[in-house]
Each structure stands twice: as structure tokens, then as C-alpha cells.
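Participant: Quick one, target24.txt (compact mmCIF, C-alpha atoms):
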```txt
# COMPACT_ATOMS: atom_id res chain seq x y z
CA MET W 292 107.60 107.83 129.08
CA ASN W 293 109.49 107.23 125.87
CA ARG W 294 109.65 103.55 126.70
CA PHE W 295 105.92 103.24 126.18
CA LEU W 296 105.35 105.96 123.65
CA ILE W 297 107.46 104.40 120.89
CA PRO W 298 106.06 100.87 121.11
CA ALA W 299 102.56 102.31 121.34
CA ALA W 300 103.15 104.39 118.24
CA VAL W 301 104.56 101.39 116.38
CA PHE W 302 101.60 99.29 117.50
CA LEU W 303 99.10 101.91 116.34
CA ALA W 304 100.86 102.29 112.98
CA LEU W 305 100.86 98.52 112.45
CA ALA W 306 97.22 98.27 113.50
CA ALA W 307 96.33 101.02 111.03
CA VAL W 308 98.20 99.29 108.19
CA LEU W 309 96.56 95.94 108.93
CA PHE W 310 93.14 97.55 109.28
CA ILE W 311 93.47 99.22 105.89
CA GLY W 312 94.69 95.91 104.48
CA VAL W 313 91.67 94.05 105.79
CA VAL W 314 89.17 96.67 104.68
CA HIS W 315 90.66 96.99 101.19
CA SER W 316 91.65 93.36 100.74
CA PRO W 317 91.27 92.21 97.13
CA ASN W 318 87.59 91.81 97.36
CA LYS W 319 86.28 89.38 94.80
CA SER W 320 84.02 92.00 93.28
CA THR W 321 86.79 94.57 92.88
CA MET W 322 89.50 92.42 91.34
CA GLN W 323 90.06 94.13 88.04
CA SER W 324 89.87 92.30 84.76
CA THR W 325 93.11 92.33 82.80
CA LEU W 326 91.00 92.65 79.66
CA LEU W 327 89.65 96.16 80.21
CA GLY W 328 90.18 98.22 77.07
CA LYS W 329 91.49 95.18 75.21
CA PRO W 330 89.83 93.10 72.50
CA ALA W 331 87.54 90.38 73.81
CA PRO W 332 89.12 86.93 73.38
CA SER W 333 87.90 85.17 70.27
CA PHE W 334 85.97 81.91 70.47
CA THR W 335 83.83 79.51 68.50
CA LEU W 336 81.43 77.60 70.69
CA PRO W 337 78.43 75.31 70.19
CA VAL W 338 74.97 76.55 71.06
CA LEU W 339 73.58 74.94 74.20
CA GLY W 340 71.16 72.20 73.21
CA ASP W 341 72.16 72.21 69.54
CA ASP W 342 75.77 71.22 68.93
CA THR W 343 75.34 71.50 65.16
CA ARG W 344 75.09 75.27 65.56
CA LYS W 345 78.26 77.15 66.36
CA VAL W 346 78.70 80.82 67.13
CA ALA W 347 81.99 82.62 66.58
CA SER W 348 82.88 85.82 68.42
CA SER W 349 83.46 87.50 65.06
CA GLU W 350 79.71 87.20 64.36
CA LEU W 351 79.02 89.43 67.36
CA ALA W 352 81.27 92.26 66.22
CA GLY W 353 79.92 95.63 65.13
CA ARG W 354 77.55 96.31 68.01
CA PRO W 355 77.80 96.18 71.79
CA TRP W 356 76.98 92.95 73.57
CA VAL W 357 77.01 91.54 77.06
CA LEU W 358 78.54 88.24 78.07
CA ASN W 359 77.02 86.61 81.14
CA VAL W 360 78.90 83.64 82.58
CA TRP W 361 76.60 81.26 84.42
CA GLY W 362 76.03 77.67 85.45
CA SER W 363 73.09 75.74 86.84
CA TRP W 364 75.37 74.87 89.80
CA CYS W 365 75.84 78.54 90.70
CA PRO W 366 73.66 80.09 93.44
CA GLY W 367 74.60 83.67 92.50
CA CYS W 368 73.31 82.99 88.99
CA ALA W 369 69.91 82.02 90.37
CA ASP W 370 69.90 85.25 92.39
CA GLU W 371 70.51 87.48 89.39
CA HIS W 372 68.34 85.54 86.95
CA PRO W 373 65.06 87.44 87.53
CA LEU W 374 66.90 90.72 86.89
CA LEU W 375 68.45 89.38 83.69
CA ILE W 376 64.96 88.38 82.51
CA GLU W 377 63.77 91.88 83.32
CA VAL W 378 66.57 93.72 81.52
CA ALA W 379 66.38 91.34 78.56
CA ARG W 380 62.75 92.43 78.12
CA GLU W 381 63.92 96.02 77.89
CA ASN W 382 65.83 94.84 74.83
CA ARG W 383 68.66 97.36 74.91
CA VAL W 384 71.62 95.08 74.35
CA PRO W 385 71.89 91.39 73.49
CA ILE W 386 72.99 89.21 76.42
CA ILE W 387 75.06 86.22 75.36
CA GLY W 388 75.04 83.42 77.93
CA LEU W 389 78.23 81.49 78.53
CA ASN W 390 77.20 78.23 80.18
CA TRP W 391 80.35 77.40 82.12
CA ARG W 392 81.41 73.88 83.12
CA ASP W 393 77.87 72.68 83.19
CA ASP W 394 75.86 69.63 82.30
CA ASP W 395 73.72 70.36 79.22
CA VAL W 396 70.65 68.63 80.66
CA ASP W 397 70.87 70.55 83.96
CA ALA W 398 71.47 73.82 82.11
CA LEU W 399 68.53 73.36 79.75
CA ARG W 400 66.22 72.40 82.60
CA TRP W 401 67.38 75.47 84.54
CA ILE W 402 66.50 77.75 81.61
CA GLU W 403 63.17 76.01 81.07
CA GLN W 404 62.21 76.55 84.70
CA ARG W 405 63.44 80.12 85.08
CA GLY W 406 63.06 81.61 81.64
CA ASP W 407 65.63 82.56 79.02
CA PRO W 408 67.07 86.08 79.02
CA TYR W 409 69.78 85.20 76.50
CA ALA W 410 70.06 86.04 72.80
CA VAL W 411 71.98 82.79 72.57
CA ILE W 412 73.57 80.44 75.09
CA LEU W 413 77.00 79.01 74.30
CA ALA W 414 78.22 75.82 75.94
CA ASP W 415 81.73 76.16 77.38
CA ARG W 416 81.91 72.66 78.79
CA GLU W 417 85.68 72.58 79.18
CA GLY W 418 85.90 76.11 80.52
CA ARG W 419 88.41 77.23 77.90
CA THR W 420 86.63 80.41 76.85
CA ALA W 421 86.00 81.25 80.49
CA ILE W 422 89.76 81.04 81.17
CA ASP W 423 90.46 83.26 78.16
CA PHE W 424 88.13 85.83 79.71
CA GLY W 425 89.88 85.45 83.08
CA VAL W 426 86.70 84.20 84.74
CA TYR W 427 87.25 82.97 88.29
CA GLY W 428 83.74 82.61 89.62
CA ALA W 429 80.22 82.70 88.26
CA PRO W 430 78.31 84.82 87.75
CA GLU W 431 80.50 87.26 85.88
CA THR W 432 79.19 89.75 83.35
CA PHE W 433 81.25 91.55 80.69
CA PHE W 434 80.40 94.54 78.55
CA ILE W 435 81.92 94.43 75.06
CA ASP W 436 81.58 97.54 72.91
CA ALA W 437 80.91 97.84 69.18
CA GLU W 438 84.67 97.78 68.50
CA GLY W 439 84.92 94.45 70.27
CA LEU W 440 86.77 95.86 73.30
CA VAL W 441 85.98 94.71 76.83
CA GLN W 442 84.86 97.81 78.72
CA TYR W 443 83.63 96.42 82.02
CA ARG W 444 83.52 93.26 84.08
CA HIS W 445 81.15 92.72 86.99
CA VAL W 446 81.81 89.82 89.36
CA GLY W 447 78.90 88.46 91.37
CA ALA W 448 75.17 88.73 90.97
CA MET W 449 74.00 91.58 88.75
CA THR W 450 71.98 94.33 90.39
CA ARG W 451 69.74 96.90 88.78
CA GLU W 452 72.07 99.64 90.00
CA VAL W 453 75.19 98.08 88.43
CA TRP W 454 73.28 97.31 85.26
CA GLU W 455 72.23 100.93 84.80
CA ARG W 456 75.49 102.49 85.93
CA GLU W 457 78.03 100.24 84.21
CA PHE W 458 76.20 98.61 81.32
CA VAL W 459 73.33 100.77 80.06
CA SER W 460 75.44 103.91 80.43
CA ARG W 461 77.99 102.46 78.01
CA LEU W 462 75.41 101.98 75.26
CA PRO W 463 75.03 104.66 72.61
CA ARG W 464 71.86 106.60 73.48
CA GLY W 465 71.28 104.27 76.45
CA GLY W 466 70.53 101.46 74.05
CA LEU W 467 67.27 102.98 72.89
CA GLN W 468 66.67 102.58 69.18
CA MET N 299 109.95 66.61 122.79
CA LYS N 300 110.51 63.56 120.68
CA ARG N 301 106.80 62.98 120.48
CA ALA N 302 106.15 66.59 119.45
CA ALA N 303 108.68 66.26 116.65
CA LEU N 304 106.98 63.08 115.52
CA ILE N 305 103.55 64.71 115.48
CA ILE N 306 104.81 67.74 113.55
CA THR N 307 106.52 65.49 111.02
CA ALA N 308 103.34 63.48 110.61
CA LEU N 309 101.29 66.65 110.08
CA LEU N 310 103.71 68.04 107.52
CA TRP N 311 103.88 64.77 105.69
CA GLY N 312 100.11 64.38 105.86
CA SER N 313 99.47 67.42 103.69
CA SER N 314 101.34 65.88 100.78
CA ALA N 315 99.59 62.55 101.26
CA PHE N 316 96.33 64.30 100.34
CA ALA N 317 97.60 65.72 97.06
CA ILE N 318 94.63 65.94 94.77
CA ASP N 319 96.46 66.12 91.48
CA ILE N 320 97.43 62.85 89.91
CA THR N 321 98.52 64.17 86.52
CA VAL N 322 101.44 62.25 85.05
CA LEU N 323 103.49 63.67 82.20
CA PRO N 324 105.47 61.52 79.80
CA ASP N 325 108.91 62.43 81.10
CA ALA N 326 110.44 63.34 84.43
CA ALA N 327 111.73 66.77 83.43
CA LEU N 328 108.30 67.86 82.20
CA GLN N 329 106.72 66.37 85.30
CA GLU N 330 109.00 68.43 87.52
CA ARG N 331 108.27 71.62 85.60
CA TYR N 332 104.57 70.82 85.75
CA GLU N 333 104.69 70.43 89.51
CA ASN N 334 106.72 73.60 90.02
CA LEU N 335 104.41 75.64 87.80
CA THR N 336 101.15 74.38 89.29
CA HIS N 337 102.46 75.32 92.73
CA GLU N 338 103.29 78.81 91.48
CA PHE N 339 99.75 79.73 90.40
CA ARG N 340 97.10 80.83 92.82
CA CYS N 341 93.71 79.19 92.68
CA MET N 342 91.59 82.24 91.88
CA GLN N 343 88.52 80.82 93.59
CA CYS N 344 90.13 79.93 96.89
CA GLN N 345 93.04 82.41 96.87
CA ASN N 346 95.28 80.80 99.44
CA ASN N 347 95.73 77.51 97.63
CA SER N 348 97.81 76.91 94.57
CA ILE N 349 96.10 75.32 91.60
CA ALA N 350 98.03 72.15 92.46
CA ASP N 351 96.29 71.93 95.84
CA SER N 352 92.81 72.98 94.93
CA PRO N 353 89.96 70.64 94.13
CA VAL N 354 87.77 73.25 92.42
CA GLY N 355 86.91 72.96 88.74
CA LEU N 356 88.69 76.10 87.59
CA ALA N 357 91.95 74.90 89.17
CA SER N 358 91.73 71.58 87.35
CA ASP N 359 91.05 73.45 84.09
CA LEU N 360 94.14 75.59 84.69
CA ARG N 361 96.23 72.49 85.45
CA ARG N 362 95.01 71.03 82.19
CA ASP N 363 96.15 74.19 80.40
CA VAL N 364 99.59 74.03 82.06
CA LYS N 365 99.92 70.42 80.97
CA GLU N 366 98.86 71.18 77.41
CA LEU N 367 101.18 74.16 77.13
CA LEU N 368 104.11 72.10 78.45
CA LEU N 369 103.38 69.36 75.95
CA ALA N 370 103.17 71.99 73.22
CA GLY N 371 106.75 72.94 74.07
CA LYS N 372 106.12 76.29 75.77
CA THR N 373 108.71 77.64 78.20
CA ASP N 374 107.91 78.27 81.86
CA ASP N 375 107.93 82.02 81.21
CA GLU N 376 105.51 81.65 78.33
CA ILE N 377 103.17 79.67 80.58
CA ARG N 378 103.44 82.32 83.31
CA ALA N 379 102.66 84.98 80.72
CA TYR N 380 99.62 82.97 79.58
CA MET N 381 98.24 83.01 83.14
CA VAL N 382 99.10 86.64 83.88
CA GLN N 383 97.53 87.78 80.62
CA ARG N 384 94.22 86.27 81.74
CA TYR N 385 94.23 86.73 85.50
CA GLY N 386 96.82 89.42 86.22
CA ASP N 387 99.83 89.35 88.54
CA VAL N 388 97.62 88.24 91.41
CA ILE N 389 97.69 84.69 90.05
CA LEU N 390 101.42 84.47 90.80
CA PHE N 391 102.29 83.54 94.38
CA ARG N 392 105.64 85.25 93.76
CA PRO N 393 104.61 88.53 92.18
CA PRO N 394 107.18 90.15 89.87
CA PHE N 395 109.22 93.02 91.29
CA LYS N 396 107.98 96.17 89.62
CA PRO N 397 106.88 99.62 90.82
CA ARG N 398 103.29 98.54 91.43
CA THR N 399 104.27 95.50 93.48
CA ALA N 400 107.49 96.76 95.09
CA TRP N 401 105.86 97.42 98.46
CA VAL N 402 104.79 93.78 98.68
CA TRP N 403 108.46 92.89 98.81
CA ILE N 404 109.84 95.86 100.70
CA VAL N 405 107.41 96.20 103.63
CA PRO N 406 108.06 92.72 105.10
CA MET N 407 111.81 93.33 104.85
CA ILE N 408 111.48 96.61 106.73
CA VAL N 409 109.34 94.97 109.39
CA PHE N 410 111.81 92.08 109.68
CA ALA N 411 114.77 94.47 109.97
CA GLY N 412 112.87 96.42 112.64
CA GLY N 413 112.23 93.20 114.56
CA LEU N 414 115.92 92.27 114.40
CA PHE N 415 116.89 95.72 115.68
CA VAL N 416 114.47 95.54 118.61
CA GLY N 417 115.66 92.02 119.44
CA TYR N 418 119.29 93.14 119.33
CA ARG N 419 118.56 96.08 121.65
CA ILE N 420 116.78 93.89 124.17
CA VAL N 421 119.58 91.34 124.21
CA ARG N 422 122.17 94.07 124.63
CA ARG N 423 120.31 95.79 127.44
CA ARG N 424 119.87 92.50 129.30
CA GLY N 425 123.53 91.76 128.77
CA ALA N 426 124.45 95.15 130.20
CA LEU N 427 122.18 94.47 133.17
CA VAL N 428 124.08 91.30 134.02
CA ALA N 429 127.45 92.97 133.53
CA ASN N 430 126.55 95.86 135.83
CA ASP N 431 124.97 93.66 138.45
CA ASP N 432 127.08 94.07 141.57
CA SER N 433 125.01 91.74 143.73
CA SER N 434 126.71 88.41 143.69
CA VAL N 435 124.98 85.07 143.96
CA ASP N 436 127.75 83.93 146.24
CA THR N 437 127.06 86.56 148.88
CA ALA N 438 123.51 85.45 149.41
CA THR N 439 123.27 82.63 151.85
CA ASP N 440 120.67 79.95 151.51
CA GLU N 441 118.96 81.35 154.60
CA GLU N 442 118.34 84.73 152.97
CA GLU N 443 117.12 83.35 149.70
CA ARG N 444 114.52 81.04 151.08
CA PRO N 445 111.16 82.72 151.63
CA LYS N 446 109.79 82.27 155.12
```
Mind converting the file's structure to C-alpha cells?

Facilitator:
Amino acid sequence: MNRFLIPAAVFLALAAVLFIGVVHSPNKSTMQSTLLGKPAPSFTLPVLGDDTRKVASSELAGRPWVLNVWGSWCPGCADEHPLLIEVARENRVPIIGLNWRDDDVDALRWIEQRGDPYAVILADREGRTAIDFGVYGAPETFFIDAEGLVQYRHVGAMTREVWEREFVSRLPRGGLQ
Amino acid sequence: MKRAALIITALLWGSSAFAIDITVLPDAALQERYENLTHEFRCMQCQNNSIADSPVGLASDLRRDVKELLLAGKTDDEIRAYMVQRYGDVILFRPPFKPRTAWVWIVPMIVFAGGLFVGYRIVRRRGALVANDDSSVDTATDEEERPK
């Protein structure tokens, strides 16, 4: 009896451990940003379509803002785009676009065809700012508070539910003026 | 057997023949550190490749950063810290030993020790079986052994 009981118990324990491991494997959408609660990395980047204009992160300080990392090559970005247009119309928080590793012409055409939800789009052609933010796949969306601290990072296409729960809820008075 | 060994060698060698990174640094010592470091960092988009083995854009950006940091005179630890600061411990294939990651190191050792113990017990029991076996091969005639 014992001969089978012990191996069976060991097998079940191992199966349970592996099952938990598979179910809770570092899912791409749950991998935590190392930046949470820390100051957003600083940057100075050219505006997409107008390299003479540069925006520095210091100019964004003093009020909450959202950073949305996207590229015209990114299917998830196309999925979330209609929602971004919708929430941009609600005008509760400025969304800064970070155009990541993209071709300017493709990116501008993409915006022309789908509409522009962004307060400004910054061109991160070499992906340096994206690395500073710990971006590993587009789309990613960050919430930066009025003190300039990163409070949330969402990986993957934005949904209305996540937007309300994790972004709008972090705005003073829900972002209503 | 010989052929199997040949095929395995060819397969193992083949993976290095398809190296996708052709970065060359000005001196051999830097080159070696570059290669060691790029094999230490996980490609965050593909997870089971190192940034040295991954063709995706982010991995090539991270290789560029490693190269630039090496050329700027940073130490290996400073470069590791640069990566961990941005991507967390998960970017290291060899995570540091600290309370949060201890189980990653300990559990496989426990499992391995358990496997050794079970193996040892099986070998010993089989050994005992042979030692206690009073039937002798010599007593059995060919007639008896052969099935009818």
C-alpha cells in the first residue's frame, strides 16, 4: 500500500506545483513595472512629423499625464486605437503618444487614417526612451501623476474597464474640471 | 552510435552558426565581456532567448545599449544594474539570490536531492535482491530454461 501511496502523493504534489506555475506564469500583462512609485524617466524627444519641435519630460510636470507607447507595426495598438480616440474626447487627462521604433511616414499615415487621440506624439526612433521606461512590447500605457511619479503601467491593448479602474480613478476628481 | 554522436554534434554546432549578432568591439577583452553580458540578459519579448540570440528590435536596442555602456567604461555590474533598474530581476537569466528569489534556487536542489535519494534506494534494493537470490543460474539446465 505504502509503495503506491508515497509516489502517488509525490506525483500529486508535483502536479499541483506545476499547475500553479502554469496558471500563474509571468503573464505578459501582469509583469510589474520596476518604475511604480518612482519618478518617470526624463527625456527630450522630437515631435513626430516636426523634428524642429522638441518636448522635454520636464514640460509635462505639474499635472497628471498618460504615456501610450505605440507603433504602426503593432496590431494591439490598432485594437485599442478606437478606445483611445473615445477617451481622448472625454478630455480628462492628456495622452502623450510615444511612437516606438517606427517609420515616420508609416506612423503619420496611421494617425491620418485612424484619427489622433494624442496631445502630442513623440518620435522614439531608436527606442531609448522606451527602454528607460522598461517597455517590452507595444502597446503599453503608463499613468504619471502630478508629482511626476509613475503610478501604473498597463501592458497590452487598453480596455474601457482598465481605463476607468486604473487611470481615471487616479485623477483628482476623476479628471473632471 | 557514431552516427548519433555526429548528428548531435552537428545540431549543437548548428545553433551557433545561426548567431544573429555580428557586433564587433574594438578589443578582444571588451568583445568577450559583450558576449557574456548579452547572453545573460533575457529578451523580454520572447522570454526564453537571450538578447544575444533574439532577432527582435528591442533585443537589438538592448545589445546596442550594452555595447555603448561597455565603450563608456562601465563595469559588468553597472550594466546589469542598468538592465535590472529598467526591467527588474526577470531580465537576468541567473537571478540574484535574495529572499524573494530564493525558492527559484532551492526548489530544484530539493527535487534533485530527492531524485538522487530515490535512485539510491532503487539501486540498493535491486542489489539486495541479487545478493539474496538463492536460485543459481548454474542449477538451471538449458532444457528447463527454454520455453516449449

Participant: Measuring atom to atom with all atoms listed in the file, identify which of N:Val364, N:Ala379, N:Ile408, N:Ala426 is nearest to Leu323 in chain N.

Facilitator: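 Residue with the minimum atom-to-atom distance to Leu323 in chain N: N:Val364.
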
Participant: Could you please select, counting all atoms listed in the file, the residues of chain W within 10 Å of chain N and state them as a PDB file with C-alpha atoms, keeping the file's coordinate frame?

Facilitator:
```pdb
ATOM      1  CA  LEU W 305     100.860  98.520 112.450  1.00  0.00           C
ATOM      2  CA  PRO W 317      91.270  92.210  97.130  1.00  0.00           C
ATOM      3  CA  LYS W 319      86.280  89.380  94.800  1.00  0.00           C
ATOM      4  CA  MET W 322      89.500  92.420  91.340  1.00  0.00           C
ATOM      5  CA  GLN W 323      90.060  94.130  88.040  1.00  0.00           C
ATOM      6  CA  SER W 324      89.870  92.300  84.760  1.00  0.00           C
ATOM      7  CA  THR W 325      93.110  92.330  82.800  1.00  0.00           C
ATOM      8  CA  LEU W 326      91.000  92.650  79.660  1.00  0.00           C
ATOM      9  CA  PRO W 332      89.120  86.930  73.380  1.00  0.00           C
ATOM     10  CA  ARG W 392      81.410  73.880  83.120  1.00  0.00           C
ATOM     11  CA  GLU W 417      85.680  72.580  79.180  1.00  0.00           C
ATOM     12  CA  GLY W 418      85.900  76.110  80.520  1.00  0.00           C
ATOM     13  CA  ARG W 419      88.410  77.230  77.900  1.00  0.00           C
ATOM     14  CA  ALA W 421      86.000  81.250  80.490  1.00  0.00           C
ATOM     15  CA  ILE W 422      89.760  81.040  81.170  1.00  0.00           C
ATOM     16  CA  ASP W 423      90.460  83.260  78.160  1.00  0.00           C
ATOM     17  CA  PHE W 424      88.130  85.830  79.710  1.00  0.00           C
ATOM     18  CA  GLY W 425      89.880  85.450  83.080  1.00  0.00           C
ATOM     19  CA  VAL W 426      86.700  84.200  84.740  1.00  0.00           C
ATOM     20  CA  TYR W 427      87.250  82.970  88.290  1.00  0.00           C
ATOM     21  CA  GLY W 428      83.740  82.610  89.620  1.00  0.00           C
TER      22      GLY W 428
END
```

Participant: When you count all atoms listed in the file, which of these residues is closest to Phe334 in chain W: W:Ile297, W:Leu413, W:Leu309, W:Val357?

Facilitator: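 Of W:Ile297, W:Leu413, W:Leu309, W:Val357, the one nearest Phe334 in chain W, counting all atoms listed in the file, is W:Leu413.
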
Participant: Could you jot down the CA of Ile435 in chain W to CA of Leu358 in chain W separation for me, Å, one decimal place?

Facilitator: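 Rounded to one decimal, the two atoms are 7.7 Å apart.
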
Participant: By how many Å are CA of Ile420 in chain N and CA of Phe302 in chain W apart?

Facilitator: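 Atom-to-atom, CA of Ile420 in chain N and CA of Phe302 in chain W are spaced 17.4 Å apart.
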
Participant: Find the distance between CA of Val360 in chain W and CA of Arg444 in chain W and write it in Å to one decimal.

Facilitator: 10.8 Å

Participant: If we count only C-alpha atoms and set the cut-off at 9 Å, which residues sit around range 324-329 of chain N, ignoring sequence neighbours fewer than 4 positions away in its own chain? Please answer as a list in words.

Facilitator: Glu333, Asn334, Lys365, Leu368 and Leu369 of chain N

Participant: Edge lengths and centre in Å to one decimal, as JSON, of the axis-aligned box that encloses all listed atoms of range 392-400 of chain N with 4 Å added on every side?

Facilitator:
```
{"center_x": 106.3, "center_y": 92.4, "center_z": 92.4, "size_x": 13.9, "size_y": 22.4, "size_z": 13.5}
```

Participant: Can you spit out range 361-372 of chain W with all heavy atoms, as an mmCIF file, in the first residue's frame, from the structure just given?

Facilitator:
```
data_model
loop_
_atom_site.group_PDB
_atom_site.id
_atom_site.type_symbol
_atom_site.label_atom_id
_atom_site.label_comp_id
_atom_site.auth_asym_id
_atom_site.auth_seq_id
_atom_site.Cartn_x
_atom_site.Cartn_y
_atom_site.Cartn_z
ATOM 1 N N TRP W 361 3.221 53.199 -28.729
ATOM 2 C CA TRP W 361 2.577 52.555 -29.878
ATOM 3 C C TRP W 361 3.501 52.557 -31.089
ATOM 4 O O TRP W 361 4.540 53.219 -31.113
ATOM 5 C CB TRP W 361 1.256 53.262 -30.223
ATOM 6 C CG TRP W 361 1.454 54.655 -30.777
ATOM 7 C CD1 TRP W 361 1.735 55.775 -30.058
ATOM 8 C CD2 TRP W 361 1.416 55.054 -32.149
ATOM 9 N NE1 TRP W 361 1.867 56.854 -30.902
ATOM 10 C CE2 TRP W 361 1.673 56.442 -32.201
ATOM 11 C CE3 TRP W 361 1.173 54.364 -33.348
ATOM 12 C CZ2 TRP W 361 1.714 57.159 -33.403
ATOM 13 C CZ3 TRP W 361 1.201 55.081 -34.538
ATOM 14 C CH2 TRP W 361 1.470 56.467 -34.567
ATOM 15 N N GLY W 362 3.094 51.804 -32.098
ATOM 16 C CA GLY W 362 3.798 51.790 -33.375
ATOM 17 C C GLY W 362 2.828 51.375 -34.460
ATOM 18 O O GLY W 362 1.867 50.657 -34.187
ATOM 19 N N SER W 363 3.076 51.826 -35.670
ATOM 20 C CA SER W 363 2.149 51.472 -36.755
ATOM 21 C C SER W 363 2.264 49.988 -37.095
ATOM 22 O O SER W 363 1.415 49.425 -37.767
ATOM 23 C CB SER W 363 2.452 52.315 -37.999
ATOM 24 O OG SER W 363 3.746 52.005 -38.474
ATOM 25 N N TRP W 364 3.347 49.344 -36.586
ATOM 26 C CA TRP W 364 3.585 47.922 -36.863
ATOM 27 C C TRP W 364 2.901 47.028 -35.828
ATOM 28 O O TRP W 364 3.058 45.810 -35.852
ATOM 29 C CB TRP W 364 5.090 47.656 -36.815
ATOM 30 C CG TRP W 364 5.755 48.338 -35.653
ATOM 31 C CD1 TRP W 364 6.351 49.565 -35.687
ATOM 32 C CD2 TRP W 364 5.827 47.890 -34.294
ATOM 33 N NE1 TRP W 364 6.806 49.901 -34.424
ATOM 34 C CE2 TRP W 364 6.497 48.895 -33.547
ATOM 35 C CE3 TRP W 364 5.407 46.735 -33.637
ATOM 36 C CZ2 TRP W 364 6.747 48.784 -32.186
ATOM 37 C CZ3 TRP W 364 5.651 46.627 -32.279
ATOM 38 C CH2 TRP W 364 6.317 47.642 -31.566
ATOM 39 N N CYS W 365 2.158 47.634 -34.912
ATOM 40 C CA CYS W 365 1.702 46.907 -33.722
ATOM 41 C C CYS W 365 0.203 46.648 -33.773
ATOM 42 O O CYS W 365 -0.597 47.573 -33.726
ATOM 43 C CB CYS W 365 2.103 47.730 -32.492
ATOM 44 S SG CYS W 365 1.026 47.652 -31.070
ATOM 45 N N PRO W 366 -0.204 45.379 -33.908
ATOM 46 C CA PRO W 366 -1.636 45.056 -34.044
ATOM 47 C C PRO W 366 -2.444 45.451 -32.811
ATOM 48 O O PRO W 366 -3.569 45.947 -32.944
ATOM 49 C CB PRO W 366 -1.666 43.535 -34.219
ATOM 50 C CG PRO W 366 -0.262 43.098 -34.411
ATOM 51 C CD PRO W 366 0.650 44.182 -33.941
ATOM 52 N N GLY W 367 -1.878 45.254 -31.625
ATOM 53 C CA GLY W 367 -2.586 45.614 -30.392
ATOM 54 C C GLY W 367 -2.905 47.097 -30.338
ATOM 55 O O GLY W 367 -3.908 47.514 -29.741
ATOM 56 N N CYS W 368 -2.029 47.901 -30.965
ATOM 57 C CA CYS W 368 -2.250 49.350 -30.973
ATOM 58 C C CYS W 368 -3.468 49.696 -31.832
ATOM 59 O O CYS W 368 -4.246 50.593 -31.489
ATOM 60 C CB CYS W 368 -1.014 50.063 -31.503
ATOM 61 S SG CYS W 368 0.473 49.660 -30.573
ATOM 62 N N ALA W 369 -3.616 48.969 -32.939
ATOM 63 C CA ALA W 369 -4.783 49.196 -33.789
ATOM 64 C C ALA W 369 -6.054 48.817 -33.036
ATOM 65 O O ALA W 369 -7.079 49.498 -33.129
ATOM 66 C CB ALA W 369 -4.660 48.378 -35.081
ATOM 67 N N ASP W 370 -5.955 47.735 -32.229
ATOM 68 C CA ASP W 370 -7.123 47.294 -31.459
ATOM 69 C C ASP W 370 -7.586 48.358 -30.465
ATOM 70 O O ASP W 370 -8.778 48.560 -30.277
ATOM 71 C CB ASP W 370 -6.790 46.010 -30.669
ATOM 72 C CG ASP W 370 -6.583 44.815 -31.578
ATOM 73 O OD1 ASP W 370 -6.973 44.923 -32.763
ATOM 74 O OD2 ASP W 370 -6.037 43.802 -31.122
ATOM 75 N N GLU W 371 -6.629 48.986 -29.791
ATOM 76 C CA GLU W 371 -7.020 49.903 -28.727
ATOM 77 C C GLU W 371 -7.296 51.311 -29.245
ATOM 78 O O GLU W 371 -7.805 52.153 -28.511
ATOM 79 C CB GLU W 371 -5.942 49.954 -27.631
ATOM 80 C CG GLU W 371 -4.669 50.640 -28.083
ATOM 81 C CD GLU W 371 -3.663 50.860 -26.947
ATOM 82 O OE1 GLU W 371 -3.888 50.352 -25.839
ATOM 83 O OE2 GLU W 371 -2.656 51.534 -27.196
ATOM 84 N N HIS W 372 -6.932 51.565 -30.511
ATOM 85 C CA HIS W 372 -6.993 52.939 -31.008
ATOM 86 C C HIS W 372 -8.388 53.581 -30.908
ATOM 87 O O HIS W 372 -8.497 54.726 -30.450
ATOM 88 C CB HIS W 372 -6.449 53.020 -32.434
ATOM 89 C CG HIS W 372 -5.968 54.382 -32.795
ATOM 90 N ND1 HIS W 372 -4.758 54.883 -32.369
ATOM 91 C CD2 HIS W 372 -6.558 55.382 -33.505
ATOM 92 C CE1 HIS W 372 -4.622 56.114 -32.806
ATOM 93 N NE2 HIS W 372 -5.688 56.443 -33.506
#
```
